[in-house]
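To start, the structure under review is shown below, and the notes come after it.
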Amino acid sequence: MFAENPITKDVTLKDGRIFFKCLTCRNESSFPLEKIDLIVGVNVICSKCNNISHVPGRYKSVPTPAGLIITGGLKLPIELLSDWYFENPTIVSTIGKGIADYYTDYGFWAFCAKCNHKFMPSVLVSFVVHQSMSKRGSGGTLFMGNSAASKKDFDSLSSSRCMQCKSKELIVIALEITDFMCNIIEARRKQRSE
């Protein structure tokens, strides 16, 4: 059984900044509220341990955001990404709701644990399916990358090491996709298709 992403509600808003303790090393982290995207939030890198935490965008718009959480990243070997993905209760719940494809837009991120390269979410979702099928001997999947960067990300994950720094470890974050975010993702997808 794999660990779930750590979370905290212990947040302070002061002088236009959000303050919270890193969920890995407990170092105080902060970020300017004005730089947080109102919809997708922001991923904040800890200056001490280099781990990454996700801050929801609603912290920017709600003066006292009851119930909002900050989600910390987990370190994980690339070779175990699909195992973690398909055993993670948050992701399993999202799959059960039939909205796992929304992770290509929001809520599932992976970064190199050494150089913080951010892998494209659309590549991540394709890769976990490919990796899972390969482990079961079901063959691979056809990856239809739309750019050289997406091919590089897929090749990097397939080789189980970051192409930039050769690290074999990721920092992964998986969020529950709320109804609020479902509505936004659906609206954005509709807008793109028109």
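Following the order of the structure tokens, chains are lettered A, B, ..., residues in each are numbered from 1, and ligands are numbered from 1.
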
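The environment of segment 149-151 of chain A within 12 Å, counting only C-alpha atoms and disregarding residues fewer than 4 places along the same chain, consists of His117, Lys118, Phe119, Met120, Pro121, Ser122, Val123, Leu124, Val125, Ser126, Phe127, Leu142, Phe143, Met144, Gly145, Asp155, Ser156, Leu157, Ser158 and Met163 of chain A.
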
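Taking only C-alpha atoms, the non-local environment of Cys165 of chain A within 12 Å (same-chain residues fewer than 5 positions away omitted) comprises Phe111, Cys112, Ala113, Lys114, Cys115, Asn116, His117, Ser156, Ser160 and Leu170 of chain A.
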
Practice task
Name the residues in contact with segment 69-81 of chain A at a cut-off of 8 Å, using only C-alpha atoms, excluding same-chain residues fewer than 3 positions from it; report them as a VMD selection string.
Solution key: chain A and resid 3 to 9 22 to 24 51 to 56 84 to 85 113 128 157 160 to 161 168 to 173 175

Requested write-out: N, CA and C atoms of the selected residues, as a CSV table (one decimal), in the first residue's frame:
chain,number,residue,atom,x,y,z
A,3,ALA,N,1.6,5.5,0.3
A,3,ALA,CA,1.1,6.6,1.0
A,3,ALA,C,0.3,7.5,0.2
A,4,GLU,N,-0.7,8.2,0.8
A,4,GLU,CA,-1.4,9.2,0.2
A,4,GLU,C,-0.7,10.6,0.3
A,5,ASN,N,-1.1,11.5,-0.5
A,5,ASN,CA,-0.5,12.9,-0.4
A,5,ASN,C,-0.9,13.4,1.0
A,6,PRO,N,0.1,14.0,1.7
A,6,PRO,CA,-0.3,14.7,3.0
A,6,PRO,C,-1.0,16.0,2.7
A,7,ILE,N,-1.9,16.3,3.7
A,7,ILE,CA,-2.6,17.6,3.6
A,7,ILE,C,-2.6,18.4,4.8
A,8,THR,N,-2.9,19.7,4.7
A,8,THR,CA,-2.9,20.5,5.9
A,8,THR,C,-4.0,21.6,5.7
A,9,LYS,N,-4.6,22.0,6.8
A,9,LYS,CA,-5.6,23.1,6.8
A,9,LYS,C,-5.0,24.3,7.6
A,22,CYS,N,5.7,23.4,5.2
A,22,CYS,CA,5.9,22.4,4.2
A,22,CYS,C,5.5,21.0,4.8
A,23,LEU,N,4.8,20.2,4.1
A,23,LEU,CA,4.2,19.0,4.6
A,23,LEU,C,5.3,17.9,4.7
A,24,THR,N,6.5,18.2,4.2
A,24,THR,CA,7.6,17.2,4.3
A,24,THR,C,8.6,17.6,5.4
A,51,ASN,N,10.5,19.9,-1.9
A,51,ASN,CA,9.2,19.3,-2.2
A,51,ASN,C,8.2,20.3,-2.7
A,52,ILE,N,7.1,19.8,-3.2
A,52,ILE,CA,6.2,20.7,-3.9
A,52,ILE,C,4.8,20.5,-3.2
A,53,SER,N,4.1,21.6,-3.0
A,53,SER,CA,2.7,21.5,-2.4
A,53,SER,C,1.8,22.3,-3.3
A,54,HIS,N,0.5,21.8,-3.4
A,54,HIS,CA,-0.5,22.5,-4.2
A,54,HIS,C,-1.3,23.4,-3.3
A,55,VAL,N,-1.5,24.7,-3.7
A,55,VAL,CA,-2.3,25.6,-3.0
A,55,VAL,C,-3.5,25.9,-3.9
A,56,PRO,N,-4.7,25.6,-3.5
A,56,PRO,CA,-5.9,25.9,-4.3
A,56,PRO,C,-6.1,27.4,-4.6
A,84,TRP,N,1.1,3.3,-7.9
A,84,TRP,CA,0.6,4.3,-7.0
A,84,TRP,C,-0.7,4.9,-7.5
A,85,TYR,N,-0.7,5.2,-8.8
A,85,TYR,CA,-1.9,5.9,-9.4
A,85,TYR,C,-3.2,5.0,-9.2
A,113,ALA,N,12.0,14.8,-8.9
A,113,ALA,CA,12.3,15.1,-7.5
A,113,ALA,C,13.7,15.8,-7.4
A,128,VAL,N,0.7,6.3,-17.3
A,128,VAL,CA,0.3,5.4,-16.3
A,128,VAL,C,-0.5,4.2,-16.8
A,157,LEU,N,9.7,9.2,-19.0
A,157,LEU,CA,9.0,8.4,-18.0
A,157,LEU,C,9.2,6.9,-18.4
A,160,SER,N,12.3,5.5,-17.1
A,160,SER,CA,12.3,5.6,-15.7
A,160,SER,C,13.4,6.5,-15.1
A,161,ARG,N,13.7,7.5,-15.9
A,161,ARG,CA,14.6,8.5,-15.4
A,161,ARG,C,14.4,9.8,-16.2
A,168,LYS,N,15.6,9.2,-10.9
A,168,LYS,CA,14.7,8.1,-11.1
A,168,LYS,C,13.4,8.3,-10.2
A,169,GLU,N,13.3,9.5,-9.6
A,169,GLU,CA,12.3,9.7,-8.6
A,169,GLU,C,11.4,11.0,-9.0
A,170,LEU,N,10.1,10.8,-8.7
A,170,LEU,CA,9.2,11.9,-9.0
A,170,LEU,C,8.6,12.5,-7.6
A,171,ILE,N,8.1,13.7,-7.7
A,171,ILE,CA,7.2,14.2,-6.7
A,171,ILE,C,5.8,14.2,-7.3
A,172,VAL,N,4.9,13.5,-6.7
A,172,VAL,CA,3.5,13.4,-7.3
A,172,VAL,C,2.5,14.0,-6.4
A,173,ILE,N,1.5,14.6,-7.1
A,173,ILE,CA,0.4,15.2,-6.4
A,173,ILE,C,-0.9,14.8,-7.1
A,175,LEU,N,-5.1,15.3,-6.6
A,175,LEU,CA,-6.2,16.0,-5.9
A,175,LEU,C,-7.6,15.4,-6.2

Exercise for the section: Rank nothing, just name the residue among A:Ser159, A:Ser30, A:Ser132, A:Asn43 nearest to Gly16 of chain A, using only C-alpha atoms. Expected result: A:Ser30

Exercise for the section: Could you check which of A:Val11, A:Phe154, A:Arg189, A:Phe2 is closest to Tyr102 of chain A, using only C-alpha atoms? Expected result: A:Arg189
